[in-house]
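Peer 1: Contents are compact mmCIF, C-alpha atoms; file name structure-v1.txt:
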# COMPACT_ATOMS: atom_id res chain seq x y z
CA MET A 1 17.57 3.16 40.11
CA SER A 2 15.00 2.66 37.43
CA ALA A 3 14.79 4.76 34.29
CA PRO A 4 12.11 7.43 34.16
CA THR A 5 9.06 6.18 32.31
CA LEU A 6 8.60 7.54 28.81
CA PRO A 7 5.93 10.16 29.42
CA GLU A 8 2.40 8.79 29.19
CA ARG A 9 0.54 10.27 26.28
CA PRO A 10 -1.29 13.01 28.22
CA ARG A 11 -4.97 13.72 27.70
CA LEU A 12 -4.91 16.26 24.90
CA PRO A 13 -7.37 19.04 24.13
CA TRP A 14 -8.37 17.33 20.88
CA ASP A 15 -9.20 14.03 22.55
CA PRO A 16 -12.87 13.33 21.78
CA PRO A 17 -15.61 13.35 24.42
CA GLU A 18 -17.20 10.14 25.67
CA HIS A 19 -20.36 10.38 23.58
CA PHE A 20 -18.25 9.76 20.46
CA GLU A 21 -18.49 6.12 19.41
CA LYS A 22 -16.34 3.88 17.23
CA ARG A 23 -17.99 2.88 13.97
CA ILE A 24 -17.04 2.17 10.34
CA PRO A 25 -18.69 4.95 8.31
CA GLU A 26 -20.30 4.10 4.97
CA GLY A 27 -17.72 3.93 2.20
CA ASP A 28 -14.84 3.63 4.65
CA ASN A 29 -12.85 0.57 5.61
CA ARG A 30 -11.82 1.31 9.17
CA GLU A 31 -13.32 2.35 12.47
CA ARG A 32 -13.69 6.09 13.08
CA LEU A 33 -15.01 8.07 16.00
CA VAL A 34 -18.52 9.33 15.26
CA CYS A 35 -20.46 11.80 17.43
CA GLY A 36 -23.41 9.87 18.87
CA ARG A 37 -25.51 13.06 18.82
CA CYS A 38 -24.93 14.61 15.39
CA GLU A 39 -23.18 11.90 13.34
CA PHE A 40 -20.13 14.12 12.78
CA ILE A 41 -17.26 11.83 11.74
CA HIS A 42 -14.16 12.77 13.72
CA TYR A 43 -11.33 11.58 11.47
CA GLN A 44 -8.11 11.38 13.40
CA ASN A 45 -4.90 11.50 11.44
CA PRO A 46 -1.28 11.89 12.40
CA LYS A 47 -0.30 15.43 13.27
CA ILE A 48 2.78 17.19 11.96
CA VAL A 49 5.31 18.67 14.34
CA ALA A 50 7.69 21.08 12.60
CA GLY A 51 10.89 22.38 14.14
CA ALA A 52 14.54 23.12 13.57
CA VAL A 53 18.08 22.73 14.80
CA CYS A 54 18.99 26.44 14.79
CA THR A 55 22.63 27.52 14.86
CA TRP A 56 24.43 30.77 15.56
CA ARG A 57 28.05 31.72 14.93
CA ASP A 58 29.23 35.04 16.32
CA PRO A 59 30.40 37.09 13.31
CA GLY A 60 33.29 38.72 15.20
CA ASP A 61 34.44 35.49 16.78
CA ASP A 62 37.31 34.08 14.67
CA GLY A 63 37.02 30.33 14.71
CA GLY A 64 34.33 30.70 17.30
CA LYS A 65 32.22 27.67 17.96
CA GLU A 66 28.82 27.25 16.45
CA LYS A 67 26.12 27.47 19.08
CA ILE A 68 22.83 25.62 19.12
CA LEU A 69 19.50 27.04 20.26
CA LEU A 70 17.72 25.08 22.99
CA ALA A 71 14.56 25.97 24.89
CA LYS A 72 13.55 24.76 28.35
CA ARG A 73 9.95 23.59 28.40
CA ALA A 74 7.54 25.57 30.59
CA ILE A 75 4.69 23.12 29.94
CA GLU A 76 3.99 19.42 30.34
CA PRO A 77 4.93 16.90 29.18
CA ARG A 78 8.56 17.14 30.28
CA LYS A 79 8.33 20.59 31.87
CA GLY A 80 11.82 21.78 32.83
CA PHE A 81 13.62 19.70 30.21
CA TRP A 82 15.43 21.07 27.17
CA THR A 83 14.11 20.81 23.64
CA LEU A 84 14.52 22.14 20.12
CA PRO A 85 11.97 24.74 19.03
CA ALA A 86 9.18 22.70 17.42
CA GLY A 87 5.41 22.43 17.52
CA TYR A 88 2.19 21.53 15.74
CA MET A 89 1.87 22.76 12.19
CA GLU A 90 -1.26 24.87 11.59
CA LEU A 91 -3.55 25.10 8.57
CA GLY A 92 -2.54 27.68 5.98
CA GLU A 93 1.20 27.42 6.40
CA THR A 94 4.02 25.41 4.83
CA THR A 95 6.26 23.11 6.86
CA GLU A 96 9.07 25.69 6.60
CA GLN A 97 6.78 28.48 7.83
CA ALA A 98 5.64 26.29 10.73
CA ALA A 99 9.25 25.71 11.82
CA GLN A 100 9.96 29.45 11.58
CA ARG A 101 6.83 30.32 13.58
CA GLU A 102 7.69 27.85 16.33
CA ALA A 103 11.21 29.29 16.66
CA ARG A 104 9.63 32.72 16.97
CA GLU A 105 6.96 31.65 19.48
CA GLU A 106 9.16 29.48 21.71
CA ALA A 107 12.46 31.35 21.56
CA CYS A 108 11.66 34.78 20.05
CA ALA A 109 14.11 33.71 17.34
CA THR A 110 14.25 34.71 13.69
CA ILE A 111 15.60 31.89 11.56
CA GLU A 112 16.45 31.15 7.97
CA ILE A 113 15.77 27.59 6.82
CA ASP A 114 18.83 25.86 5.37
CA ARG A 115 17.39 22.49 4.40
CA LEU A 116 15.35 19.50 5.54
CA LEU A 117 17.35 17.55 8.12
CA ALA A 118 15.06 14.73 9.21
CA MET A 119 11.57 13.31 9.22
CA TYR A 120 10.61 10.97 12.05
CA SER A 121 7.40 8.96 12.39
CA VAL A 122 6.36 8.54 16.01
CA ALA A 123 3.44 6.19 15.46
CA ARG A 124 2.78 5.61 19.19
CA ILE A 125 1.61 9.20 19.58
CA GLY A 126 0.42 9.83 16.01
CA GLN A 127 3.09 12.34 15.08
CA VAL A 128 5.33 12.98 12.12
CA GLN A 129 8.18 15.26 13.15
CA ILE A 130 9.75 17.35 10.42
CA MET A 131 13.06 18.90 11.46
CA TYR A 132 15.01 21.48 9.48
CA ARG A 133 18.57 22.72 9.67
CA ALA A 134 18.35 26.51 10.15
CA ARG A 135 20.48 29.57 10.86
CA LEU A 136 19.61 32.20 13.45
CA LEU A 137 19.62 35.67 11.90
CA SER A 138 20.54 37.19 15.25
CA ALA A 139 21.66 35.98 18.67
CA ASP A 140 18.79 37.94 20.18
CA VAL A 141 16.69 35.11 21.63
CA ALA A 142 14.39 34.94 24.65
CA ALA A 143 11.90 32.61 26.28
CA GLY A 144 8.41 32.70 24.74
CA PRO A 145 5.25 31.76 26.71
CA GLU A 146 5.87 28.01 26.40
CA SER A 147 9.52 28.20 27.51
CA GLU A 148 11.08 28.78 30.93
CA ASP A 149 14.42 29.65 29.43
CA VAL A 150 16.39 29.60 26.18
CA ALA A 151 20.11 29.13 25.60
CA LEU A 152 22.70 29.19 22.84
CA VAL A 153 24.96 26.30 23.77
CA ASP A 154 28.24 24.92 22.48
CA TRP A 155 28.02 21.37 21.18
CA ALA A 156 30.16 20.20 24.13
CA ASP A 157 27.69 21.72 26.58
CA ILE A 158 24.48 20.10 25.35
CA PRO A 159 22.72 18.73 28.47
CA TRP A 160 22.05 15.30 26.92
CA ASP A 161 20.42 13.77 30.00
CA GLN A 162 18.21 16.81 30.41
CA LEU A 163 16.74 16.64 26.91
CA ALA A 164 12.97 16.36 26.71
CA PHE A 165 12.35 13.61 24.16
CA PRO A 166 14.19 10.88 22.24
CA THR A 167 13.52 12.71 18.97
CA VAL A 168 15.48 15.72 20.29
CA VAL A 169 18.48 13.42 20.77
CA TRP A 170 17.95 11.98 17.27
CA ALA A 171 17.74 15.39 15.61
CA LEU A 172 20.89 16.63 17.36
CA ALA A 173 22.84 13.46 16.47
CA HIS A 174 21.68 13.63 12.85
CA PHE A 175 22.50 17.33 12.73
CA HIS A 176 26.01 16.52 13.94
CA GLU A 177 26.43 13.80 11.32
CA SER A 178 25.20 16.15 8.56
CA ARG A 179 27.56 19.03 9.43
CA ASP A 180 29.43 20.32 6.38
CA LYS A 181 27.31 18.20 4.06
CA ALA A 182 25.15 19.92 1.49
CA ASP A 183 23.66 16.88 -0.23
CA PHE A 184 22.49 14.11 2.04
CA ALA A 185 19.42 11.95 2.25
CA THR A 186 16.93 13.27 4.79
CA TYR A 187 17.36 11.29 7.99
CA SER A 188 14.52 9.13 9.25
CA ASN A 189 13.88 7.02 12.37
CA PRO A 190 17.24 5.70 13.53
CA THR A 191 18.07 2.06 14.16
CA GLY A 192 20.55 0.59 16.61
CA ASP A 193 21.69 2.39 19.73
CA LEU A 194 20.30 5.76 18.67
CA ALA A 195 16.81 4.26 18.47
CA ARG A 196 16.98 3.56 22.20
CA MET A 197 17.49 7.03 23.62
CA TRP A 198 15.24 6.71 26.63
CA PRO A 199 16.27 7.89 29.15
CA PRO A 200 17.97 10.60 27.07
CA ARG A 201 21.75 10.46 27.02
CA LYS A 202 24.67 11.37 24.82
CA PRO A 203 24.75 8.94 21.88
CA GLU A 204 28.06 7.29 21.00
CA GLY A 205 30.17 9.00 18.37
CA VAL A 206 28.74 12.49 18.58
CA MET B 1 -10.27 27.73 -24.91
CA SER B 2 -9.85 28.39 -21.23
CA ALA B 3 -7.87 26.17 -18.89
CA PRO B 4 -9.82 23.81 -16.68
CA THR B 5 -10.30 25.27 -13.23
CA LEU B 6 -8.13 23.81 -10.50
CA PRO B 7 -10.62 21.51 -8.77
CA GLU B 8 -12.59 23.24 -6.05
CA ARG B 9 -11.77 21.83 -2.67
CA PRO B 10 -14.69 19.39 -2.45
CA ARG B 11 -16.79 19.03 0.68
CA LEU B 12 -14.93 16.39 2.62
CA PRO B 13 -16.27 13.83 5.10
CA TRP B 14 -14.33 15.50 7.91
CA ASP B 15 -15.78 18.93 7.29
CA PRO B 16 -17.53 20.00 10.49
CA PRO B 17 -21.31 20.39 10.79
CA GLU B 18 -22.94 23.82 10.99
CA HIS B 19 -23.46 23.82 14.76
CA PHE B 20 -19.69 24.05 15.21
CA GLU B 21 -18.68 27.65 15.90
CA LYS B 22 -15.39 29.53 15.65
CA ARG B 23 -13.92 30.56 19.00
CA ILE B 24 -10.52 30.97 20.66
CA PRO B 25 -10.39 28.29 23.38
CA GLU B 26 -8.86 29.14 26.75
CA GLY B 27 -5.08 28.91 26.66
CA ASP B 28 -4.98 28.99 22.88
CA ASN B 29 -4.06 31.86 20.59
CA ARG B 30 -6.11 31.19 17.50
CA GLU B 31 -9.68 30.48 16.48
CA ARG B 32 -10.78 26.84 16.54
CA LEU B 33 -14.03 25.16 15.68
CA VAL B 34 -15.94 24.26 18.84
CA CYS B 35 -19.09 22.12 18.95
CA GLY B 36 -21.90 24.43 20.11
CA ARG B 37 -23.59 21.52 21.87
CA CYS B 38 -20.82 19.73 23.78
CA GLU B 39 -17.84 22.13 23.72
CA PHE B 40 -15.66 19.55 21.93
CA ILE B 41 -12.76 21.47 20.36
CA HIS B 42 -12.28 20.30 16.79
CA TYR B 43 -8.62 21.08 16.10
CA GLN B 44 -7.94 21.04 12.41
CA ASN B 45 -4.37 20.48 11.33
CA PRO B 46 -2.75 19.75 8.01
CA LYS B 47 -3.14 16.17 6.87
CA ILE B 48 -0.34 14.02 5.53
CA VAL B 49 -0.64 12.40 2.12
CA ALA B 50 1.96 9.66 1.60
CA GLY B 51 2.77 8.10 -1.75
CA ALA B 52 5.50 6.95 -4.07
CA VAL B 53 6.94 7.01 -7.54
CA CYS B 54 7.16 3.24 -8.03
CA THR B 55 9.37 1.79 -10.74
CA TRP B 56 9.69 -1.62 -12.40
CA ARG B 57 12.42 -2.96 -14.63
CA ASP B 58 11.81 -6.30 -16.31
CA PRO B 59 14.61 -8.60 -15.13
CA GLY B 60 14.89 -10.44 -18.46
CA ASP B 61 14.78 -7.30 -20.53
CA ASP B 62 18.38 -6.28 -21.35
CA GLY B 63 18.58 -2.53 -21.36
CA GLY B 64 14.84 -2.51 -20.98
CA LYS B 65 13.28 0.75 -19.98
CA GLU B 66 12.26 1.47 -16.46
CA LYS B 67 8.50 1.66 -16.15
CA ILE B 68 6.50 3.85 -13.81
CA LEU B 69 3.33 2.85 -11.98
CA LEU B 70 0.32 5.11 -12.57
CA ALA B 71 -3.27 4.66 -11.41
CA LYS B 72 -6.39 6.13 -13.01
CA ARG B 73 -8.66 7.67 -10.40
CA ALA B 74 -12.08 6.08 -9.95
CA ILE B 75 -13.20 8.78 -7.51
CA GLU B 76 -13.57 12.55 -7.44
CA PRO B 77 -11.81 14.90 -7.50
CA ARG B 78 -10.29 14.33 -10.94
CA LYS B 79 -11.99 11.01 -11.65
CA GLY B 80 -10.57 9.50 -14.83
CA PHE B 81 -7.20 11.23 -14.54
CA TRP B 82 -3.88 9.54 -13.81
CA THR B 83 -2.07 9.77 -10.52
CA LEU B 84 0.70 8.23 -8.43
CA PRO B 85 -0.43 5.87 -5.66
CA ALA B 86 -0.84 8.13 -2.62
CA GLY B 87 -3.35 8.83 0.12
CA TYR B 88 -4.03 9.98 3.67
CA MET B 89 -1.72 8.60 6.32
CA GLU B 90 -3.53 6.83 9.16
CA LEU B 91 -2.79 6.68 12.88
CA GLY B 92 -0.46 3.90 13.97
CA GLU B 93 1.69 3.78 10.87
CA THR B 94 4.92 5.38 9.69
CA THR B 95 5.11 7.51 6.56
CA GLU B 96 6.88 4.64 4.77
CA GLN B 97 4.15 2.18 5.80
CA ALA B 98 1.47 4.62 4.64
CA ALA B 99 3.07 4.86 1.18
CA GLN B 100 3.32 1.05 0.98
CA ARG B 101 -0.31 0.63 2.05
CA GLU B 102 -1.54 3.12 -0.53
CA ALA B 103 0.37 1.33 -3.31
CA ARG B 104 -1.28 -1.91 -2.17
CA GLU B 105 -4.78 -0.42 -1.88
CA GLU B 106 -4.78 1.61 -5.09
CA ALA B 107 -2.71 -0.61 -7.38
CA CYS B 108 -2.47 -4.01 -5.60
CA ALA B 109 1.27 -3.34 -5.72
CA THR B 110 4.00 -4.53 -3.36
CA ILE B 111 6.78 -1.97 -3.09
CA GLU B 112 10.11 -1.51 -1.39
CA ILE B 113 10.90 2.05 -0.30
CA ASP B 114 14.16 3.38 -1.72
CA ARG B 115 14.31 6.84 -0.15
CA LEU B 116 12.44 10.07 0.47
CA LEU B 117 12.01 11.92 -2.83
CA ALA B 118 10.01 15.02 -1.98
CA MET B 119 7.87 16.80 0.56
CA TYR B 120 5.36 19.35 -0.71
CA SER B 121 3.24 21.72 1.38
CA VAL B 122 -0.12 22.41 -0.26
CA ALA B 123 -1.36 25.04 2.19
CA ARG B 124 -4.53 25.85 0.17
CA ILE B 125 -5.97 22.44 0.95
CA GLY B 126 -4.14 21.80 4.24
CA GLN B 127 -1.96 18.96 2.98
CA VAL B 128 1.65 17.94 3.29
CA GLN B 129 2.50 15.42 0.59
CA ILE B 130 5.35 13.04 1.33
CA MET B 131 6.57 11.19 -1.76
CA TYR B 132 9.05 8.32 -1.78
CA ARG B 133 11.11 6.73 -4.51
CA ALA B 134 10.21 3.02 -4.49
CA ARG B 135 10.75 -0.23 -6.40
CA LEU B 136 7.96 -2.62 -7.34
CA LEU B 137 8.76 -6.14 -6.14
CA SER B 138 6.69 -7.59 -8.98
CA ALA B 139 4.99 -6.34 -12.14
CA ASP B 140 1.77 -7.89 -10.90
CA VAL B 141 -0.38 -4.79 -10.41
CA ALA B 142 -4.14 -4.26 -10.70
CA ALA B 143 -6.75 -1.59 -10.03
CA GLY B 144 -7.88 -1.38 -6.40
CA PRO B 145 -11.33 -0.02 -5.39
CA GLU B 146 -10.29 3.64 -5.82
CA SER B 147 -8.74 3.11 -9.27
CA GLU B 148 -10.35 2.54 -12.68
CA ASP B 149 -7.13 1.24 -14.14
CA VAL B 150 -3.41 0.91 -13.46
CA ALA B 151 -0.49 0.97 -15.89
CA LEU B 152 3.26 0.50 -16.00
CA VAL B 153 4.35 3.17 -18.46
CA ASP B 154 7.61 4.13 -20.13
CA TRP B 155 8.81 7.62 -19.25
CA ALA B 156 8.12 8.70 -22.86
CA ASP B 157 4.51 7.58 -22.56
CA ILE B 158 3.50 9.46 -19.43
CA PRO B 159 0.16 11.15 -20.24
CA TRP B 160 1.23 14.55 -18.89
CA ASP B 161 -1.96 16.39 -19.78
CA GLN B 162 -4.04 13.63 -18.24
CA LEU B 163 -2.37 13.79 -14.84
CA ALA B 164 -4.65 14.48 -11.89
CA PHE B 165 -2.85 17.15 -9.87
CA PRO B 166 0.09 19.58 -10.12
CA THR B 167 1.91 17.65 -7.36
CA VAL B 168 1.87 14.52 -9.55
CA VAL B 169 3.72 16.52 -12.23
CA TRP B 170 6.15 17.83 -9.60
CA ALA B 171 6.90 14.39 -8.18
CA LEU B 172 7.51 12.90 -11.63
CA ALA B 173 9.77 15.81 -12.66
CA HIS B 174 11.72 15.58 -9.40
CA PHE B 175 11.97 11.81 -9.74
CA HIS B 176 13.43 12.29 -13.22
CA GLU B 177 15.96 14.82 -11.95
CA SER B 178 16.97 12.49 -9.09
CA ARG B 179 17.56 9.43 -11.28
CA ASP B 180 20.92 7.79 -10.61
CA LYS B 181 21.50 10.01 -7.58
CA ALA B 182 21.83 8.39 -4.17
CA ASP B 183 22.47 11.51 -2.08
CA PHE B 184 20.31 14.49 -2.82
CA ALA B 185 18.37 16.97 -0.77
CA THR B 186 14.70 16.05 -0.53
CA TYR B 187 12.79 18.12 -3.07
CA SER B 188 10.24 20.64 -1.87
CA ASN B 189 7.69 22.93 -3.55
CA PRO B 190 9.14 23.97 -6.91
CA THR B 191 9.60 27.50 -8.11
CA GLY B 192 9.54 28.83 -11.66
CA ASP B 193 7.76 27.07 -14.49
CA LEU B 194 7.29 23.81 -12.58
CA ALA B 195 5.32 25.68 -9.92
CA ARG B 196 2.69 26.52 -12.55
CA MET B 197 1.60 23.09 -13.70
CA TRP B 198 -2.08 23.79 -14.03
CA PRO B 199 -3.41 22.62 -16.39
CA PRO B 200 -1.04 19.67 -16.16
CA ARG B 201 1.49 19.40 -18.96
CA LYS B 202 4.95 18.06 -19.65
CA PRO B 203 7.47 20.33 -17.90
CA GLU B 204 10.46 21.57 -19.87
CA GLY B 205 13.63 19.54 -19.65
CA VAL B 206 12.20 16.24 -18.51
Any chance you could put this one into structure tokens?
Peer 2:
Amino acid sequence: MSAPTLPERPRLPWDPPEHFEKRIPEGDNRERLVCGRCEFIHYQNPKIVAGAVCTWRDPGDDGGKEKILLAKRAIEPRKGFWTLPAGYMELGETTEQAAQREAREEACATIEIDRLLAMYSVARIGQVQIMYRARLLSADVAAGPESEDVALVDWADIPWDQLAFPTVVWALAHFHESRDKADFATYSNPTGDLARMWPPRKPEGV
Amino acid sequence: MSAPTLPERPRLPWDPPEHFEKRIPEGDNRERLVCGRCEFIHYQNPKIVAGAVCTWRDPGDDGGKEKILLAKRAIEPRKGFWTLPAGYMELGETTEQAAQREAREEACATIEIDRLLAMYSVARIGQVQIMYRARLLSADVAAGPESEDVALVDWADIPWDQLAFPTVVWALAHFHESRDKADFATYSNPTGDLARMWPPRKPEGV
């Protein structure tokens, strides 16, 4: 049985139309896409995805286990697979605000940012993913328009082989390693076994 | 004497032409700029600026002071003022590679990344600035095309009131605070006095 292919980069709404041509604009040193009709230079830069590993601990539950918020994707790519609330940062907000907005939009969740957990560069698809550690302010969560379902799961119940992307595995593994630490260097792209999390699976040692 | 105005956001090469109109595209929930001629949706997202506080310590210089790499801007905004090597991240690279490339382009410097120092959201101008702590691999530095001059300066000689942007003051202050620390939380936008570094000046306690 062969592994599922890492999802092809889908055609995205911001992909330029065919009458845009590659050219080095004056004063620049690399090729850019330029509109062949109006000379508009369409600079393409990496996009920021902001999200969070959001936890909840039932106040009345002595020694109760910390639960982690996951959302099941209602949209491609990887529809039906589980992810952490995260999405494209918009103009006019900070990275923290973007992570809070995405938790609200995807899981109707209100979160408080704890601290920066990780920053991953995914050069293949032009993304920088900025992941926070955050606390849910209530267990009242629900699927937003881009989610089929949401769940607060025990660590032992994380559906590792049903996770949407390698970076979701990375963020959960790094979250686990950072538990109970206040001061730690922000995690970045892993090396070794954790770097090879496709197809998604439970990493060793977590 | 009034303070210099924080530089107006200049007209940038990626600013859209006038025949682009604001509209909420189908399936979206906020206004985007759409080309009135070809319906191309011009998504605008925050851009990543990557850079570094780069240090050099002369190997033969017993107890010699650590020096910091600064570059004098040859371009607007803030031409003639001093900055840290930093610039827009490009597609196909990691944040670390972007910071290394900018050090090479602006100061002909070869650097080794130590760790992530700070991440600042500058929502007003749609930027996220990602600043590393880095070591120069040689003291052989020189002005690149976007710099009028470069310098390796002692901490005591930093020209605080000649720095180009508030974030340059922030990064230097945070670098100073992080000295000799290996594990520390990545710095983010400061609060208090350090948040008000316009006009640029030496912050208290550094």
Peer 1: Please find the residues of chain A near chain B - the criterion being any atom within 9 Å, counting all atoms listed in the file - and write them as number ranges by chain.
Peer 2: A: 13-17, 38, 40-48, 88-96, 115-117, 120-128, 182-186
Peer 1: Using all atoms listed in the file, which residues sit within 6 Å of B:Pro166 once same-chain residues fewer than 2 positions away are excluded, as a PDB file with C-alpha atoms, keeping the file's coordinate frame?
Peer 2:
ATOM      1  CA  VAL B 168       1.870  14.520  -9.550  1.00  0.00           C
ATOM      2  CA  VAL B 169       3.720  16.520 -12.230  1.00  0.00           C
ATOM      3  CA  MET B 197       1.600  23.090 -13.700  1.00  0.00           C
TER       4      MET B 197
END
Peer 1: Show me the residues close to (-3.4, 13.7, -15.9) - anything with an atom within 10 Å, counting all atoms listed in the file - and format the list as an MDAnalysis selection string.
Peer 2: chainID B and resid 70 72:73 78:83 158:166 168:169 199:201
Peer 1: If we count only C-alpha atoms, what is near B:His176 at a cut-off of 10 Å, once residues fewer than 6 positions away on the same chain are taken out, given as a ChimeraX atom specification?
Peer 2: /B:155,170,205-206
Peer 1: Would you please work out which residue, of B:Gln129, B:Thr167, B:Ser138, B:Ser178, is nearest to B:Ala50 when using all atoms listed in the file?
Peer 2: B:Gln129
Peer 1: List the neighbours of A:Ala74 out to 6 Å using all atoms listed in the file; skip same-chain residues closer than 5 positions along the sequence, and give me the result as a PyMOL selection string.
Peer 2: chain A and resi 79+146-148
Peer 1: What does the structure give for the distance between atom CA of B:Val141 and atom CA of B:Arg179, in Å to one decimal?
Peer 2: 22.9 Å
Peer 1: Tell me, in Å to one decimal, how far atom CA of A:Leu152 is from atom CA of A:Asp114.
Peer 2: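 So the answer is 18.2 Å.
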Peer 1: Distance atom CA of A:Val49-atom CA of A:Gly87, one decimal place?
Peer 2: 4.9 Å
Peer 1: List the residues sitting within 8 Å of (4.6, -5.5, 1.8) in the file's frame, using only C-alpha atoms, as a PyMOL selection string.
Peer 2: chain B and resi 100-101+104+110-112
Peer 1: Take the residues from that selection and write them out as a tab-separated table (two decimals), in the frame of the given file, keeping C-alpha atoms.
Peer 2:
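Final output, out-v8.tsv:
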chain	number	residue	atom	x	y	z
B	100	GLN	CA	3.32	1.05	0.98
B	101	ARG	CA	-0.31	0.63	2.05
B	104	ARG	CA	-1.28	-1.91	-2.17
B	110	THR	CA	4.00	-4.53	-3.36
B	111	ILE	CA	6.78	-1.97	-3.09
B	112	GLU	CA	10.11	-1.51	-1.39
Peer 1: So that I can look at just that part, could you write stretch 196-202 of chain B with all heavy atoms, as an mmCIF file, in the first residue's frame?
Peer 2:
data_model
loop_
_atom_site.group_PDB
_atom_site.id
_atom_site.type_symbol
_atom_site.label_atom_id
_atom_site.label_comp_id
_atom_site.auth_asym_id
_atom_site.auth_seq_id
_atom_site.Cartn_x
_atom_site.Cartn_y
_atom_site.Cartn_z
ATOM 1 N N ARG B 196 7.319 53.369 22.691
ATOM 2 C CA ARG B 196 7.229 54.743 22.168
ATOM 3 C C ARG B 196 8.611 55.249 21.776
ATOM 4 O O ARG B 196 9.131 56.183 22.364
ATOM 5 C CB ARG B 196 6.609 55.648 23.242
ATOM 6 C CG ARG B 196 5.133 55.326 23.537
ATOM 7 C CD ARG B 196 4.540 56.243 24.594
ATOM 8 N NE ARG B 196 5.126 55.998 25.903
ATOM 9 C CZ ARG B 196 4.705 55.057 26.750
ATOM 10 N NH1 ARG B 196 3.695 54.279 26.442
ATOM 11 N NH2 ARG B 196 5.299 54.900 27.925
ATOM 12 N N MET B 197 9.197 54.618 20.806
ATOM 13 C CA MET B 197 10.559 54.957 20.401
ATOM 14 C C MET B 197 10.592 55.815 19.149
ATOM 15 O O MET B 197 11.444 55.636 18.270
ATOM 16 C CB MET B 197 11.376 53.670 20.225
ATOM 17 C CG MET B 197 11.880 53.127 21.546
ATOM 18 S SD MET B 197 13.027 54.310 22.349
ATOM 19 C CE MET B 197 12.492 54.175 24.056
ATOM 20 N N TRP B 198 9.626 56.736 19.054
ATOM 21 C CA TRP B 198 9.686 57.683 17.952
ATOM 22 C C TRP B 198 9.585 59.087 18.502
ATOM 23 O O TRP B 198 8.629 59.380 19.169
ATOM 24 C CB TRP B 198 8.581 57.430 16.931
ATOM 25 C CG TRP B 198 8.885 58.179 15.680
ATOM 26 C CD1 TRP B 198 8.408 59.398 15.327
ATOM 27 C CD2 TRP B 198 9.810 57.787 14.676
ATOM 28 N NE1 TRP B 198 8.971 59.790 14.153
ATOM 29 C CE2 TRP B 198 9.846 58.813 13.727
ATOM 30 C CE3 TRP B 198 10.632 56.676 14.491
ATOM 31 C CZ2 TRP B 198 10.658 58.773 12.604
ATOM 32 C CZ3 TRP B 198 11.424 56.635 13.378
ATOM 33 C CH2 TRP B 198 11.427 57.669 12.431
ATOM 34 N N PRO B 199 10.539 59.986 18.256
ATOM 35 C CA PRO B 199 11.764 59.718 17.494
ATOM 36 C C PRO B 199 12.668 58.708 18.200
ATOM 37 O O PRO B 199 12.594 58.575 19.413
ATOM 38 C CB PRO B 199 12.430 61.098 17.423
ATOM 39 C CG PRO B 199 11.907 61.838 18.607
ATOM 40 C CD PRO B 199 10.511 61.368 18.795
ATOM 41 N N PRO B 200 13.530 58.046 17.421
ATOM 42 C CA PRO B 200 14.399 57.035 18.014
ATOM 43 C C PRO B 200 15.329 57.651 19.055
ATOM 44 O O PRO B 200 15.821 58.774 18.884
ATOM 45 C CB PRO B 200 15.215 56.516 16.817
ATOM 46 C CG PRO B 200 14.475 56.934 15.610
ATOM 47 C CD PRO B 200 13.763 58.200 15.970
ATOM 48 N N ARG B 201 15.535 56.936 20.123
ATOM 49 C CA ARG B 201 16.467 57.383 21.161
ATOM 50 C C ARG B 201 16.914 56.172 21.965
ATOM 51 O O ARG B 201 16.368 55.086 21.799
ATOM 52 C CB ARG B 201 15.795 58.415 22.074
ATOM 53 C CG ARG B 201 14.585 57.887 22.810
ATOM 54 C CD ARG B 201 13.834 59.000 23.527
ATOM 55 N NE ARG B 201 12.713 58.450 24.280
ATOM 56 C CZ ARG B 201 11.547 58.078 23.750
ATOM 57 N NH1 ARG B 201 11.346 58.199 22.439
ATOM 58 N NH2 ARG B 201 10.596 57.569 24.496
ATOM 59 N N LYS B 202 17.893 56.390 22.819
ATOM 60 C CA LYS B 202 18.391 55.280 23.634
ATOM 61 C C LYS B 202 17.356 54.938 24.700
ATOM 62 O O LYS B 202 16.980 55.799 25.497
ATOM 63 C CB LYS B 202 19.701 55.687 24.301
ATOM 64 C CG LYS B 202 20.341 54.533 25.046
ATOM 65 C CD LYS B 202 21.713 54.876 25.594
ATOM 66 C CE LYS B 202 22.291 53.619 26.231
ATOM 67 N NZ LYS B 202 23.593 53.846 26.842
#
